[in-house]
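Structure first, commentary second.
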There are 2 protein chains.
Amino acid sequence: MTEGRTGSTTGASGATGGLARGGLSEGRRNQKLRTRRALVDAAVTLVREGRPVTIADAAEVAQVSVATAYRYFSHPQDLLRETQSAPRAFEAVADLPDDPAERVDQLVSRVADLQLDDEAVWRAVLRSSLERWTPSDAAEPEDPDGAPIRNRFRLDLTRTALEPLAGTLPPDLHRRLLMAVTLVYGVEALITTRDVCELDRTEAKDVMRWAAGALLEAALREAEGQDERG
Amino acid sequence: MTEGRTGSTTGASGATGGLARGGLSEGRRNQKLRTRRALVDAAVTLVREGRPVTIADAAEVAQVSVATAYRYFSHPQDLLRETQSAPRAFEAVADLPDDPAERVDQLVSRVADLQLDDEAVWRAVLRSSLERWTPSDAAEPEDPDGAPIRNRFRLDLTRTALEPLAGTLPPDLHRRLLMAVTLVYGVEALITTRDVCELDRTEAKDVMRWAAGALLEAALREAEGQDERG
DNA sequence: CTTGTCGTGAGAAACTCTTCTCATTACGGT
DNA sequence: ACCGTAATGAGAAGAGTTTCTCACGACAAG
């Protein structure tokens with residue numbers, strides 16, 4: 001009973017490799033997209049319920065077999081990484097006003113709302129970004145300095161908001177402002193305001209907005225001062 | 001060989017409960033303190049080597065049996081939590097100058113140095129503070145809002161640095177400045193500057209210092225403006 | 001020195017997570 | 001509607017972690 005189609009099946013470059021790691025096997029990509037989507041959604045559900053995200057649990061919630069789930073995501077981190085979708089994030093910089101101060105305020109405000117509304121998920125994403133990719137083996141061929149792979153989305157968002165000042169401010173000051181503003185909003189800022197400062201949602205957001213505005217103002221004054229002296 | 005003193009041993013209210021959960025069995029507390037210390041040190045060693053922290057590994061490094069290790073720390077998070085010792089942190093606010101701006105700059109600078117020198121450990125601490133306390137069970141009697149137990153050390157440090165301004169600034173502005181400054185240094189700020197902004201150690205520290213100074217300056221100006229108008 | 005107490009060690013058992021194998025199912029082209 | 005292919009499912013096997021049980025040894029009191 002093992003002979004019949006075993007030959008043809010195993011001949012197809014192995015059952016493991018059949019999944020087309022890049023996900024671009026033209027064959028039945030809809031099915032695959034559906035499965036993948038179901039798993040990611042399940043992970044989000046788990047996080048929102050405060051349950052730990054494991055491949056097995058995500059599989060159960062997604063009504064997919066464990067084996068299949070592992071074919072798509074071998075690590076829970078991958079699942080959470082997939083959660084971060086580009087389109088939603090870029091809404092934060094859509095239709096920004098012209099005035100730099102208003103632009104920054106809008107950006108910080110929108111991102112804060114976005115993240116405060118889905119705090120559990122964002123916390124999980126940050127946590128997963130802090131995990132070392134060393135489950136059992138040591139001495140990975142990775143950067144030993146400890147820099148994990150991380151999306152630089154926020155930096156791009158801030159850059160967009162500060163774009164109008166690119167010509168006004170000296171390059172190095174502009175760069176410093178870019179980094180400083182990036183420092184006062186986003187997930188890490190959310191954690192600080194909520195856990196360390198113990199602020200409620202409203203005040204957390206207010207502090208971020210005030211800080212961003214103060215930094216911008218300080219940079220503008222510093223530029224003025226340099227102009228007068230120069 | 002199994003008969004001799006079995007009766008007396010088992011009669012001792014169970015070996016499991018013998019540890020005196022509060023850790024205050026006057027008898028041989030030194031021994032216990034030594035074991036506990038060895039385990040915490042082992043955890044730090046593991047983190048510095050980039051290895052994942054498990055109770056079993058910590059036990060091995062600490063040259064303690066696995067069973068004993070689990071008697072002290074049932075979860076790796078507990079191990080890392082113990083890492084944060086108060087004395088070292090308070091050095092950051094020792095001998096601060098009088099001038100508010102210098103005080104804040106000193107504080108941010110010192111903490112940044114401290115954390116940049118031990119980045120792996122601080123990352124691990126932050127990660128563990130983000131973990132939900134729900135290993136396998138759901139529906140904990142805890143706050144469902146998701147606020148983990150966290151030391152408010154940093155807030156106290158910032159408060160100390162900003163103390164001289166307590167009388168100068170309006171209370172609400174002082175409070176806001178306190179929160180904002182707390183936002184731009186510490187572990188979360190470290191993560192942002194390093195991972196999101198991709199800055200090197202020097203520039204990361206510079207951005208934090210600049211941001212803190214800018215916030216302070218902005219707050220002072222805002223206070224002036226209010227005084228003139230009021 | 002004797003004796004009770006209590007922290008500890010060693011290993012088995014239980015548990016969860018991950019990987020593997022092979023038969024089955026469902027998709028997509030014809 | 002049919003057929004080949006590739007994704008899926010079920011369960012077993014494997015690896016790692018956590019808990020449990022029982023005996024030993026060190027420390028303190030008498």
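Ligands are numbered from 1 in the order shown, residues from 1 within each chain, and chains are lettered A, B, ... in the order they appear in the structure tokens.
The protein and nucleic acid residues lying at most 12 Å from Ala223 (chain A) are Leu165, Gly167, Thr168, Leu169, Pro170, Pro171, Asp172, Leu173, His174, Leu177, Leu216, Glu217, Ala218, Ala219, Leu220, Gln226, Asp227, Glu228, Arg229 and Gly230 of chain A, with only C-alpha atoms (C1' of nucleotides) considered and sequence neighbours fewer than 3 positions away removed.
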Mind writing the picked residues with C-alpha atoms as a JSON list (two decimals), in the first residue's frame?
[["chain", "number", "residue", "atom", "x", "y", "z"],
["A", 165, "LEU", "CA", 12.00, 71.76, 7.85],
["A", 167, "GLY", "CA", 15.69, 73.27, 4.16],
["A", 168, "THR", "CA", 15.12, 75.50, 7.16],
["A", 169, "LEU", "CA", 17.17, 73.65, 9.74],
["A", 170, "PRO", "CA", 20.89, 72.89, 9.50],
["A", 171, "PRO", "CA", 21.34, 69.25, 8.44],
["A", 172, "ASP", "CA", 22.80, 68.01, 11.71],
["A", 173, "LEU", "CA", 20.19, 69.76, 13.81],
["A", 174, "HIS", "CA", 17.47, 68.41, 11.54],
["A", 177, "LEU", "CA", 15.44, 66.60, 15.88],
["A", 216, "LEU", "CA", 10.47, 71.06, 17.67],
["A", 217, "GLU", "CA", 10.31, 74.48, 19.25],
["A", 218, "ALA", "CA", 13.70, 74.03, 20.88],
["A", 219, "ALA", "CA", 15.24, 73.03, 17.55],
["A", 220, "LEU", "CA", 13.79, 76.08, 15.83],
["A", 226, "GLN", "CA", 22.96, 79.89, 15.12],
["A", 227, "ASP", "CA", 21.74, 82.14, 12.31],
["A", 228, "GLU", "CA", 22.16, 85.31, 14.32],
["A", 229, "ARG", "CA", 25.63, 84.41, 15.47],
["A", 230, "GLY", "CA", 26.70, 83.03, 12.09]]
Mind running chain C against chain A at 9 Å and telling me each contacting residue's nearest atom pair with the distance in Å (one decimal), counting only C-alpha atoms (C1' of nucleotides), chain and number ascending, as a tab-separated table?
residue	atom	partner	partner_atom	distance
C:DC17	C1'	A:Ala56	CA	7.9
C:DT18	C1'	A:Tyr70	CA	8.4
C:DT19	C1'	A:Ala67	CA	8.6
C:DC22	C1'	A:Thr2	CA	8.8
C:DC27	C1'	A:Arg28	CA	6.2
C:DG28	C1'	A:Arg28	CA	6.9
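Counting only C-alpha atoms, every residue of chain A that comes within 6 Å of chain B is listed here: A:Arg127, A:Arg152, A:Ala180, A:Glu188, A:Val196, A:Ala211, A:Ala214, A:Leu215, A:Ala218.
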Original post:
Given a cut-off of 8 Å, which residues of chain D touch chain A, counting only C-alpha atoms (C1' of nucleotides), written out as a PyMOL selection string?
Top reply: chain D and resi 6-9
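Computed from the coordinates, the CA of Val93 (chain B) to CA of Gln106 (chain B) distance equals 8.3 Å.
Put simply, C1' of DG16 (chain D) is 18.1 Å away from CA of Gln77 (chain B).
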